[in-house]
Amino acid sequence: MGIKKSLLIELERETQNTRRVLECLSDEHLLWRPHPKSMSVAELCCHVVELHNWESEALVKSVFDFKVDYKRLQTN
C-alpha cells in the first residue's frame, strides 16, 4: 500500500471520528470561548473541518498550490 492510500484511509477514520464529535455539539455552545482571546467553539469546529478538507483535497492532486487551491471556511 502506498503512502497516499494509507493517508487517505487514516483521513477517513479521522473524518468519521470528527463528525461524531461535532454532531454532539449543540448550537447553544457554539459561541462559548474558554478565554476572551481564544477562538469560539464554532471557530474551532470550522478550523478542524478546514484541516480535513485541505488534507483530502491536497492528497488527491499531483500538485497543490496553496494560494489557488486552499479555500478558508467562514463562520457565521
# chains A, B, ... in the order shown; residues from 1 in each chain; ligands from 1
>>> select_by_dssp(residues="chain A", states="helix (DSSP H, G or I)", output="MDAnalysis selection string")
chainID A and resid 3:23 27:29 41:59 66:69
>>> closest_residue(among="A:Lys71, A:His29, A:Lys5, A:Lys61", to="Cys45 (chain A)", atoms="only C-alpha atoms")
A:His29
>>> residues_around(residues="Leu30 (chain A)", least_positions_apart="4", cutoff="7 Å", atoms="only C-alpha atoms", output="list in words")
Ser40, Val41 and Ala42 of chain A
>>> residues_around(residues="Arg19 (chain A)", least_positions_apart="6", cutoff="12 Å", atoms="only C-alpha atoms", output="PDB file with N, CA, C and O atoms, in the first residue's frame")
ATOM      1  N   LEU A  11      -7.267   9.400   7.006  1.00  0.00           N
ATOM      2  CA  LEU A  11      -8.110  10.596   6.931  1.00  0.00           C
ATOM      3  C   LEU A  11      -9.587  10.223   7.049  1.00  0.00           C
ATOM      4  O   LEU A  11     -10.347  10.908   7.728  1.00  0.00           O
ATOM      5  N   GLU A  12      -9.996   9.139   6.417  1.00  0.00           N
ATOM      6  CA  GLU A  12     -11.388   8.693   6.500  1.00  0.00           C
ATOM      7  C   GLU A  12     -11.753   8.329   7.935  1.00  0.00           C
ATOM      8  O   GLU A  12     -12.825   8.689   8.426  1.00  0.00           O
ATOM      9  N   ARG A  13     -10.871   7.643   8.637  1.00  0.00           N
ATOM     10  CA  ARG A  13     -11.114   7.304  10.056  1.00  0.00           C
ATOM     11  C   ARG A  13     -11.245   8.569  10.896  1.00  0.00           C
ATOM     12  O   ARG A  13     -12.141   8.691  11.729  1.00  0.00           O
ATOM     13  N   LEU A  25     -22.256  18.465  19.523  1.00  0.00           N
ATOM     14  CA  LEU A  25     -22.336  19.870  19.928  1.00  0.00           C
ATOM     15  C   LEU A  25     -23.702  20.449  19.595  1.00  0.00           C
ATOM     16  O   LEU A  25     -24.252  20.198  18.531  1.00  0.00           O
ATOM     17  N   CYS A  45     -14.425  24.499  15.493  1.00  0.00           N
ATOM     18  CA  CYS A  45     -15.036  23.454  14.655  1.00  0.00           C
ATOM     19  C   CYS A  45     -14.716  23.700  13.184  1.00  0.00           C
ATOM     20  O   CYS A  45     -14.355  22.770  12.455  1.00  0.00           O
ATOM     21  N   CYS A  46     -14.849  24.936  12.754  1.00  0.00           N
ATOM     22  CA  CYS A  46     -14.528  25.275  11.363  1.00  0.00           C
ATOM     23  C   CYS A  46     -13.064  24.981  11.059  1.00  0.00           C
ATOM     24  O   CYS A  46     -12.735  24.482   9.981  1.00  0.00           O
ATOM     25  N   VAL A  48     -11.108  22.705  12.453  1.00  0.00           N
ATOM     26  CA  VAL A  48     -10.902  21.259  12.352  1.00  0.00           C
ATOM     27  C   VAL A  48     -11.418  20.739  11.010  1.00  0.00           C
ATOM     28  O   VAL A  48     -10.736  19.964  10.328  1.00  0.00           O
ATOM     29  N   VAL A  49     -12.601  21.168  10.612  1.00  0.00           N
ATOM     30  CA  VAL A  49     -13.171  20.739   9.327  1.00  0.00           C
ATOM     31  C   VAL A  49     -12.308  21.242   8.182  1.00  0.00           C
ATOM     32  O   VAL A  49     -12.054  20.529   7.206  1.00  0.00           O
ATOM     33  N   HIS A  52      -9.361  18.988   7.638  1.00  0.00           N
ATOM     34  CA  HIS A  52      -9.749  17.763   6.925  1.00  0.00           C
ATOM     35  C   HIS A  52      -9.953  18.036   5.439  1.00  0.00           C
ATOM     36  O   HIS A  52      -9.514  17.264   4.598  1.00  0.00           O
TER      37      HIS A  52
END
>>> residues_around(residues="Leu31 (chain A)", least_positions_apart="3", cutoff="12 Å", atoms="only C-alpha atoms", output="list in words")
Leu25, Ser26, Asp27, Glu28, Pro34, His35, Pro36, Ser38, Met39, Ser40, Val41, Ala42, Glu43, Leu44, Cys45, Thr75 and Asn76 of chain A
>>> write_last_selection(atoms="C-alpha atoms", output="compact mmCIF listing (two decimals), in the first residue's frame")
# COMPACT_ATOMS: atom_id res chain seq x y z
CA LEU A 25 -22.34 19.87 19.93
CA SER A 26 -25.49 21.92 20.24
CA ASP A 27 -25.97 25.40 18.77
CA GLU A 28 -26.14 26.96 22.23
CA PRO A 34 -12.56 29.24 27.11
CA HIS A 35 -10.79 32.63 27.29
CA PRO A 36 -11.55 36.04 25.73
CA SER A 38 -9.47 32.15 22.37
CA MET A 39 -11.46 31.06 19.35
CA SER A 40 -15.11 30.22 19.92
CA VAL A 41 -16.28 26.62 19.68
CA ALA A 42 -17.75 27.43 16.24
CA GLU A 43 -14.42 28.83 15.04
CA LEU A 44 -12.57 25.79 16.37
CA CYS A 45 -15.04 23.45 14.66
CA THR A 75 -18.10 31.15 10.50
CA ASN A 76 -21.42 32.93 10.61
>>> atom_distance(atom1="CA of Ser6 (chain A)", atom2="CA of Cys24 (chain A)")
28.1 Å
>>> closest_residue(among="A:Leu22, A:Trp32, A:Leu59, A:Glu50", to="Ile9 (chain A)", atoms="only C-alpha atoms")
A:Leu59
>>> atom_distance(atom1="CA of Lys4 (chain A)", atom2="CA of Arg20 (chain A)")
24.4 Å
>>> atom_distance(atom1="CA of Lys37 (chain A)", atom2="CA of Asp69 (chain A)")
29.4 Å
